[in-house]
Amino acid sequence: MSAAPFRSSTSRRATSTENIDIFDVDNQALEAVRDVWLERGLCTRPADRSTAESAVAQLYRRSGLLKPEFVWVPSPRAGSDLIAAEGLSTTMSFDGAGVDCPSGHIASMFASSRRRMNASIQGRKADWQIERRQRQRLIRASVWESLHTTLFDGVAVAIRTMSTPMAGGVTWYGQQEAHRIAYYDTFRRYGLATFDSEDRELLDVQTALADSTGWWWAFDNLCIMAERPGAVHSEPIPGSTLGERRLHHSDGPAIEFGDGAHAFVLHGAIVPDWVVLDPTAERIALERNVEIRRCAIERIGWDTYIESAGLTLVDETDDPGNAGCLLQLYASPDGWGRSGRILLAVNGSLERDGHRRRYGLHVPGWFTSALDAAGWTYGITGTDYARLVRRT
């Protein structure tokens, strides 16, 4: 079962890194590798249906199953809706070989392959010098963990919020599974580990899927495949050193599919539509989720919110740890669900746009001094906080 049809389409996109000696310029090389895979994970082009179907068919064949019928849907939400409407489910039966269903066979095949590749990496690592072992850890952080943060913890989580929960179903995430594929492919590409032909071919199949499609579900004789999103908006995560990104769009959905399925995300926080489209003090007062409430307030601005909500100022003083900025203590508005105070402060560190973010912290209701409340957030007294030269 040759994987040649997949190698040609994916290797062309990575030619910028193929001839780099990773031990000479490992940071630049790994950044180039990560960026190639990040592009795959955030791709918004229509799915390459022919390549995706060919890759999945090969997984079925390798699992001893017949080629399935393919049904394409415009989004993961449409896929989960179809699965629920048709009463499709993963029929799992356990025997000596494990879970007896298409998803189970495919998952078992991938798991066995990863165990073999990990053994090869670890076996080679035992002979490496300390410097090379450190680079192995760098590959893990720069490629696997960075892409996992952006694609799996970020994009895939947002997509899940717009989909119908499925009992007993197994979802394959296509382009958002790039982190683990990229990790093993990096070792292969630079000759840092030797994998057998079966594992190399499986890597090619998985690369083809990450490069051609979004989510998919494997059933007996049927595979449901979802299109990729038509729009994805993201921004660098402040302070990140490994290229991690988070979803963000201040004027509309951060991720959207062709059928209208979407998610609103502000600086990585998934929020209801109203937070972006029509935030008001009244809606904020009814919101019980602290993170959503914070996003909505920052969306309209603290000055506007304070005036609209009629917050009562309890105390105000110069911030000794942030020259030129104020600490302001307000009484919590009615409807927040718990009594207390809001300490309004300005971030000691600059944002990427050169400004300092203004933010509010919930503090106990017994505070009448903004200085004492600020000290409490650091676990110190107000007197000790007053001695700070600079906070971050």
# chains A, B, ... in the order shown; residues from 1 in each chain; ligands from 1

call {"tool": "select_by_dssp", "arguments": {"residues": "segment 147-384 of chain A", "states": "strand (DSSP E or B)", "output": "ChimeraX atom specification"}}
result
/A:172,216-219,222-226,231-232,234-236,245-247,255-256,262-266,269-271,313-318,326-331,341-346,358-363

call {"tool": "residues_around", "arguments": {"residues": "Ala261 of chain A", "least_positions_apart": "6", "cutoff": "10 Å", "atoms": "only C-alpha atoms", "output": "mmCIF file with N, CA, C and O atoms, in the first residue's frame"}}
result
data_model
loop_
_atom_site.group_PDB
_atom_site.id
_atom_site.type_symbol
_atom_site.label_atom_id
_atom_site.label_comp_id
_atom_site.auth_asym_id
_atom_site.auth_seq_id
_atom_site.Cartn_x
_atom_site.Cartn_y
_atom_site.Cartn_z
ATOM 1 N N PRO A 74 -20.755 20.539 5.595
ATOM 2 C CA PRO A 74 -20.074 21.835 5.546
ATOM 3 C C PRO A 74 -19.348 22.242 6.819
ATOM 4 O O PRO A 74 -18.593 23.217 6.805
ATOM 5 N N SER A 75 -19.562 21.525 7.922
ATOM 6 C CA SER A 75 -18.911 21.914 9.179
ATOM 7 C C SER A 75 -18.968 20.755 10.162
ATOM 8 O O SER A 75 -19.792 19.840 10.010
ATOM 9 N N PRO A 76 -18.132 20.768 11.178
ATOM 10 C CA PRO A 76 -18.250 19.754 12.232
ATOM 11 C C PRO A 76 -19.622 19.768 12.901
ATOM 12 O O PRO A 76 -20.124 18.719 13.305
ATOM 13 N N ARG A 77 -20.220 20.938 13.048
ATOM 14 C CA ARG A 77 -21.561 21.002 13.626
ATOM 15 C C ARG A 77 -22.552 20.225 12.772
ATOM 16 O O ARG A 77 -23.374 19.459 13.294
ATOM 17 N N ALA A 78 -22.456 20.392 11.459
ATOM 18 C CA ALA A 78 -23.339 19.651 10.563
ATOM 19 C C ALA A 78 -23.060 18.155 10.667
ATOM 20 O O ALA A 78 -23.982 17.331 10.571
ATOM 21 N N ILE A 159 -14.254 24.868 18.136
ATOM 22 C CA ILE A 159 -15.155 24.149 17.226
ATOM 23 C C ILE A 159 -16.079 23.226 18.006
ATOM 24 O O ILE A 159 -17.266 23.083 17.677
ATOM 25 N N MET A 162 -19.481 24.510 19.215
ATOM 26 C CA MET A 162 -20.584 24.725 18.276
ATOM 27 C C MET A 162 -21.172 23.410 17.767
ATOM 28 O O MET A 162 -22.047 23.416 16.899
ATOM 29 N N SER A 163 -20.712 22.282 18.303
ATOM 30 C CA SER A 163 -21.138 20.972 17.815
ATOM 31 C C SER A 163 -22.033 20.263 18.814
ATOM 32 O O SER A 163 -21.933 20.486 20.033
ATOM 33 N N PRO A 229 -12.826 25.286 8.100
ATOM 34 C CA PRO A 229 -13.471 26.592 8.272
ATOM 35 C C PRO A 229 -13.145 27.518 7.113
ATOM 36 O O PRO A 229 -12.087 27.399 6.484
ATOM 37 N N PRO A 253 -17.122 36.704 14.313
ATOM 38 C CA PRO A 253 -16.665 35.381 14.732
ATOM 39 C C PRO A 253 -15.170 35.208 14.474
ATOM 40 O O PRO A 253 -14.654 35.639 13.437
ATOM 41 N N ILE A 255 -13.875 32.176 14.278
ATOM 42 C CA ILE A 255 -13.827 31.018 13.400
ATOM 43 C C ILE A 255 -15.230 30.797 12.845
ATOM 44 O O ILE A 255 -16.215 30.897 13.575
#

call {"tool": "select_by_dssp", "arguments": {"residues": "segment 116-244 of chain A", "states": "alpha helix (DSSP H)", "output": "PyMOL selection string"}}
result
chain A and resi 116-125+130-139+146-147+157-161+178-189+197-210

call {"tool": "write_last_selection", "arguments": {"atoms": "N, CA and C atoms", "output": "compact mmCIF listing (two decimals), in the first residue's frame"}}
result
# COMPACT_ATOMS: atom_id res chain seq x y z
N ARG A 116 6.08 2.50 18.55
CA ARG A 116 7.29 2.10 17.83
C ARG A 116 8.18 3.30 17.55
N MET A 117 7.56 4.41 17.13
CA MET A 117 8.36 5.60 16.84
C MET A 117 8.98 6.18 18.10
N ASN A 118 8.22 6.18 19.20
CA ASN A 118 8.78 6.65 20.47
C ASN A 118 9.97 5.79 20.89
N ALA A 119 9.85 4.48 20.70
CA ALA A 119 10.95 3.59 21.06
C ALA A 119 12.19 3.89 20.22
N SER A 120 11.97 4.20 18.95
CA SER A 120 13.08 4.55 18.08
C SER A 120 13.74 5.86 18.52
N ILE A 121 12.89 6.84 18.88
CA ILE A 121 13.43 8.13 19.34
C ILE A 121 14.20 7.94 20.64
N GLN A 122 13.64 7.21 21.58
CA GLN A 122 14.30 7.01 22.87
C GLN A 122 15.56 6.16 22.72
N GLY A 123 15.51 5.18 21.83
CA GLY A 123 16.69 4.36 21.63
C GLY A 123 17.84 5.15 21.08
N ARG A 124 17.54 6.03 20.14
CA ARG A 124 18.56 6.91 19.58
C ARG A 124 19.02 7.92 20.61
N LYS A 125 18.07 8.38 21.44
CA LYS A 125 18.41 9.41 22.42
C LYS A 125 19.43 8.90 23.42
N ILE A 130 24.63 15.14 25.65
CA ILE A 130 23.69 15.96 26.42
C ILE A 130 23.09 17.05 25.55
N GLU A 131 23.90 17.67 24.70
CA GLU A 131 23.41 18.76 23.87
C GLU A 131 22.31 18.27 22.94
N ARG A 132 22.47 17.07 22.40
CA ARG A 132 21.45 16.55 21.49
C ARG A 132 20.20 16.13 22.24
N ARG A 133 20.32 15.66 23.44
CA ARG A 133 19.14 15.33 24.24
C ARG A 133 18.35 16.60 24.54
N GLN A 134 19.06 17.68 24.77
CA GLN A 134 18.38 18.95 25.01
C GLN A 134 17.61 19.39 23.77
N ARG A 135 18.17 19.12 22.60
CA ARG A 135 17.49 19.50 21.37
C ARG A 135 16.25 18.64 21.16
N GLN A 136 16.30 17.39 21.63
CA GLN A 136 15.10 16.56 21.55
C GLN A 136 13.97 17.18 22.35
N ARG A 137 14.31 17.69 23.54
CA ARG A 137 13.29 18.37 24.35
C ARG A 137 12.82 19.65 23.68
N LEU A 138 13.75 20.31 22.98
CA LEU A 138 13.38 21.53 22.26
C LEU A 138 12.39 21.23 21.14
N ILE A 139 12.57 20.11 20.46
CA ILE A 139 11.62 19.71 19.41
C ILE A 139 10.25 19.51 20.02
N SER A 146 3.84 23.69 21.08
CA SER A 146 3.40 24.95 20.47
C SER A 146 2.17 24.74 19.60
N LEU A 147 2.22 23.74 18.72
CA LEU A 147 1.09 23.48 17.83
C LEU A 147 -0.12 22.96 18.60
N VAL A 157 -11.02 23.24 20.45
CA VAL A 157 -11.93 23.48 21.57
C VAL A 157 -13.05 24.43 21.16
N ALA A 158 -12.72 25.47 20.41
CA ALA A 158 -13.75 26.41 19.95
C ALA A 158 -14.74 25.73 19.02
N ILE A 159 -14.25 24.87 18.14
CA ILE A 159 -15.16 24.15 17.23
C ILE A 159 -16.08 23.23 18.01
N ARG A 160 -15.56 22.62 19.06
CA ARG A 160 -16.38 21.70 19.86
C ARG A 160 -17.57 22.40 20.48
N THR A 161 -17.42 23.69 20.81
CA THR A 161 -18.53 24.41 21.44
C THR A 161 -19.71 24.61 20.51
N ALA A 178 -2.27 18.33 13.85
CA ALA A 178 -0.95 18.54 13.26
C ALA A 178 0.19 18.42 14.26
N HIS A 179 -0.08 18.67 15.55
CA HIS A 179 1.02 18.71 16.52
C HIS A 179 1.76 17.39 16.60
N ARG A 180 1.03 16.28 16.74
CA ARG A 180 1.71 15.00 16.91
C ARG A 180 2.34 14.51 15.60
N ILE A 181 1.69 14.80 14.48
CA ILE A 181 2.25 14.40 13.19
C ILE A 181 3.54 15.16 12.93
N ALA A 182 3.52 16.47 13.18
CA ALA A 182 4.70 17.30 12.96
C ALA A 182 5.87 16.86 13.83
N TYR A 183 5.58 16.45 15.05
CA TYR A 183 6.64 16.03 15.98
C TYR A 183 7.41 14.84 15.42
N TYR A 184 6.71 13.81 15.02
CA TYR A 184 7.39 12.62 14.50
C TYR A 184 8.01 12.89 13.14
N ASP A 185 7.34 13.70 12.32
CA ASP A 185 7.88 14.01 11.01
C ASP A 185 9.19 14.79 11.11
N THR A 186 9.34 15.61 12.16
CA THR A 186 10.58 16.36 12.35
C THR A 186 11.75 15.42 12.60
N PHE A 187 11.55 14.41 13.42
CA PHE A 187 12.61 13.43 13.67
C PHE A 187 12.96 12.68 12.39
N ARG A 188 11.94 12.35 11.61
CA ARG A 188 12.20 11.64 10.36
C ARG A 188 12.91 12.54 9.37
N ARG A 189 12.42 13.77 9.22
CA ARG A 189 12.95 14.67 8.20
C ARG A 189 14.43 14.95 8.40
N SER A 197 9.09 1.10 7.57
CA SER A 197 8.31 1.54 6.41
C SER A 197 6.84 1.72 6.75
N GLU A 198 6.28 0.86 7.60
CA GLU A 198 4.87 0.98 7.96
C GLU A 198 4.60 2.31 8.66
N ASP A 199 5.48 2.69 9.57
CA ASP A 199 5.28 3.94 10.31
C ASP A 199 5.52 5.15 9.42
N ARG A 200 6.46 5.06 8.51
CA ARG A 200 6.67 6.17 7.58
C ARG A 200 5.45 6.37 6.69
N GLU A 201 4.88 5.28 6.22
CA GLU A 201 3.70 5.39 5.38
C GLU A 201 2.49 5.92 6.16
N LEU A 202 2.35 5.49 7.41
CA LEU A 202 1.25 6.03 8.23
C LEU A 202 1.43 7.52 8.48
N LEU A 203 2.67 7.96 8.66
CA LEU A 203 2.92 9.40 8.82
C LEU A 203 2.51 10.14 7.56
N ASP A 204 2.79 9.56 6.41
CA ASP A 204 2.39 10.21 5.15
C ASP A 204 0.87 10.31 5.04
N VAL A 205 0.17 9.26 5.45
CA VAL A 205 -1.29 9.28 5.41
C VAL A 205 -1.83 10.35 6.35
N GLN A 206 -1.30 10.41 7.56
CA GLN A 206 -1.76 11.41 8.53
C GLN A 206 -1.43 12.82 8.07
N THR A 207 -0.26 12.99 7.45
CA THR A 207 0.10 14.29 6.90
C THR A 207 -0.88 14.71 5.82
N ALA A 208 -1.25 13.76 4.97
CA ALA A 208 -2.23 14.07 3.92
C ALA A 208 -3.56 14.52 4.50
N LEU A 209 -3.99 13.88 5.59
CA LEU A 209 -5.25 14.27 6.22
C LEU A 209 -5.15 15.67 6.84
N ALA A 210 -4.05 15.94 7.53
CA ALA A 210 -3.88 17.26 8.14
C ALA A 210 -3.79 18.35 7.08

call {"tool": "residues_around", "arguments": {"residues": "segment 104-112 of chain A", "least_positions_apart": "4", "cutoff": "7 Å", "atoms": "only C-alpha atoms", "output": "ChimeraX atom specification"}}
result
/A:59,63,99-100,116

call {"tool": "atom_distance", "arguments": {"atom1": "atom CA of Ala309 of chain A", "atom2": "atom CA of Ala281 of chain A"}}
result
5.6 Å

call {"tool": "residues_around", "arguments": {"residues": "Glu298 of chain A", "least_positions_apart": "3", "cutoff": "12 Å", "atoms": "only C-alpha atoms", "output": "MDAnalysis selection string"}}
result
chainID A and resid 250 266:267 275:276 279:281 284 291:295 301:306 344 357:360

call {"tool": "write_last_selection", "arguments": {"atoms": "C-alpha atoms", "output": "PDB file, in the first residue's frame"}}
result
ATOM      1  CA  SER A 250     -13.050  41.865  17.932  1.00  0.00           C
ATOM      2  CA  LEU A 266     -11.789  37.404  22.331  1.00  0.00           C
ATOM      3  CA  HIS A 267      -8.097  36.968  23.102  1.00  0.00           C
ATOM      4  CA  VAL A 275     -20.167  40.046  24.090  1.00  0.00           C
ATOM      5  CA  VAL A 276     -18.791  41.028  20.680  1.00  0.00           C
ATOM      6  CA  PRO A 279     -22.322  44.187  25.171  1.00  0.00           C
ATOM      7  CA  THR A 280     -24.331  46.149  27.735  1.00  0.00           C
ATOM      8  CA  ALA A 281     -24.181  46.713  31.479  1.00  0.00           C
ATOM      9  CA  ILE A 284     -23.083  41.880  32.071  1.00  0.00           C
ATOM     10  CA  GLU A 291     -14.424  35.223  32.407  1.00  0.00           C
ATOM     11  CA  ILE A 292     -17.267  36.143  30.041  1.00  0.00           C
ATOM     12  CA  ARG A 293     -18.169  39.076  32.259  1.00  0.00           C
ATOM     13  CA  ARG A 294     -14.556  40.286  32.207  1.00  0.00           C
ATOM     14  CA  CYS A 295     -14.393  40.068  28.415  1.00  0.00           C
ATOM     15  CA  GLY A 301     -14.258  49.723  28.354  1.00  0.00           C
ATOM     16  CA  TRP A 302     -14.134  50.135  32.110  1.00  0.00           C
ATOM     17  CA  ASP A 303     -14.997  53.830  32.104  1.00  0.00           C
ATOM     18  CA  THR A 304     -18.159  53.189  30.088  1.00  0.00           C
ATOM     19  CA  TYR A 305     -19.099  50.212  32.238  1.00  0.00           C
ATOM     20  CA  ILE A 306     -18.564  52.062  35.506  1.00  0.00           C
ATOM     21  CA  LEU A 344      -9.441  48.388  39.114  1.00  0.00           C
ATOM     22  CA  ARG A 357      -4.361  46.927  29.830  1.00  0.00           C
ATOM     23  CA  ARG A 358      -6.799  48.111  32.460  1.00  0.00           C
ATOM     24  CA  TYR A 359      -8.322  45.236  34.388  1.00  0.00           C
ATOM     25  CA  GLY A 360     -10.573  44.520  37.361  1.00  0.00           C
TER      26      GLY A 360
END

call {"tool": "closest_residue", "arguments": {"among": "A:Ala84, A:Phe195, A:Arg45, A:Asp318", "to": "Arg115 of chain A", "atoms": "only C-alpha atoms"}}
result
A:Phe195

call {"tool": "closest_residue", "arguments": {"among": "A:Glu307, A:Glu227, A:Glu53, A:Glu145", "to": "Arg34 of chain A", "atoms": "only C-alpha atoms"}}
result
A:Glu145

call {"tool": "residues_around", "arguments": {"residues": "Trp376 of chain A", "least_positions_apart": "4", "cutoff": "12 Å", "atoms": "only C-alpha atoms", "output": "CSV table (one decimal) with N, CA and C atoms, in the first residue's frame"}}
result
chain,number,residue,atom,x,y,z
A,343,LEU,N,-11.4,45.8,42.4
A,343,LEU,CA,-10.2,46.6,42.4
A,343,LEU,C,-9.8,46.8,40.9
A,361,LEU,N,-10.2,43.2,39.3
A,361,LEU,CA,-10.0,42.0,40.2
A,361,LEU,C,-11.1,42.0,41.3
A,362,HIS,N,-11.7,40.8,41.5
A,362,HIS,CA,-12.7,40.7,42.5
A,362,HIS,C,-11.9,40.5,43.8
A,363,VAL,N,-12.2,41.3,44.9
A,363,VAL,CA,-11.6,41.2,46.2
A,363,VAL,C,-12.6,41.1,47.2
A,364,PRO,N,-12.3,40.6,48.4
A,364,PRO,CA,-13.3,40.5,49.5
A,364,PRO,C,-14.0,41.9,49.8
A,366,TRP,N,-14.7,43.2,52.6
A,366,TRP,CA,-14.3,44.0,53.8
A,366,TRP,C,-13.3,45.1,53.5
A,367,PHE,N,-12.7,45.1,52.3
A,367,PHE,CA,-11.7,46.1,52.0
A,367,PHE,C,-12.3,47.5,51.8
A,369,SER,N,-9.8,50.1,51.6
A,369,SER,CA,-8.6,50.7,51.1
A,369,SER,C,-8.1,50.0,49.8
A,370,ALA,N,-8.0,50.8,48.7
A,370,ALA,CA,-7.5,50.2,47.5
A,370,ALA,C,-6.1,49.7,47.6
A,371,LEU,N,-5.3,50.3,48.5
A,371,LEU,CA,-3.9,49.8,48.7
A,371,LEU,C,-3.9,48.5,49.4
A,372,ASP,N,-4.7,48.3,50.4
A,372,ASP,CA,-4.8,47.0,51.1
A,372,ASP,C,-5.3,45.9,50.1
A,380,ILE,N,0.3,40.0,50.3
A,380,ILE,CA,1.0,40.9,51.3
A,380,ILE,C,0.1,42.0,51.8
A,381,THR,N,0.6,42.7,52.7
A,381,THR,CA,-0.2,43.8,53.3
A,381,THR,C,-0.1,45.0,52.4
A,382,GLY,N,-1.1,45.9,52.6
A,382,GLY,CA,-1.1,47.2,51.9
A,382,GLY,C,0.2,48.0,52.1
A,383,THR,N,0.7,47.9,53.4
A,383,THR,CA,1.9,48.6,53.7
A,383,THR,C,3.1,48.1,52.9
A,384,ASP,N,3.2,46.8,52.8
A,384,ASP,CA,4.3,46.2,52.0
A,384,ASP,C,4.1,46.5,50.6
A,385,TYR,N,2.9,46.5,50.1
A,385,TYR,CA,2.7,46.8,48.7
A,385,TYR,C,3.1,48.2,48.4
A,386,ALA,N,2.9,49.1,49.3
A,386,ALA,CA,3.3,50.5,49.1
A,386,ALA,C,4.8,50.7,48.9

call {"tool": "atom_distance", "arguments": {"atom1": "atom CA of Lys67 of chain A", "atom2": "atom CA of Asn221 of chain A"}}
result
6.9 Å

call {"tool": "closest_residue", "arguments": {"among": "A:Ser103, A:Thr317, A:Ser142, A:Thr377", "to": "Tyr60 of chain A", "atoms": "only C-alpha atoms"}}
result
A:Ser103

call {"tool": "atom_distance", "arguments": {"atom1": "atom CA of Glu256 of chain A", "atom2": "atom CA of Val36 of chain A"}}
result
22.2 Å

call {"tool": "residues_around", "arguments": {"residues": "Ala47 of chain A", "least_positions_apart": "6", "cutoff": "7 Å", "atoms": "only C-alpha atoms", "output": "PyMOL selection string"}}
result
chain A and resi 212-213+227-228

call {"tool": "closest_residue", "arguments": {"among": "A:Leu30, A:Cys223, A:Ile83, A:Cys101", "to": "Gly64 of chain A", "atoms": "only C-alpha atoms"}}
result
A:Cys101
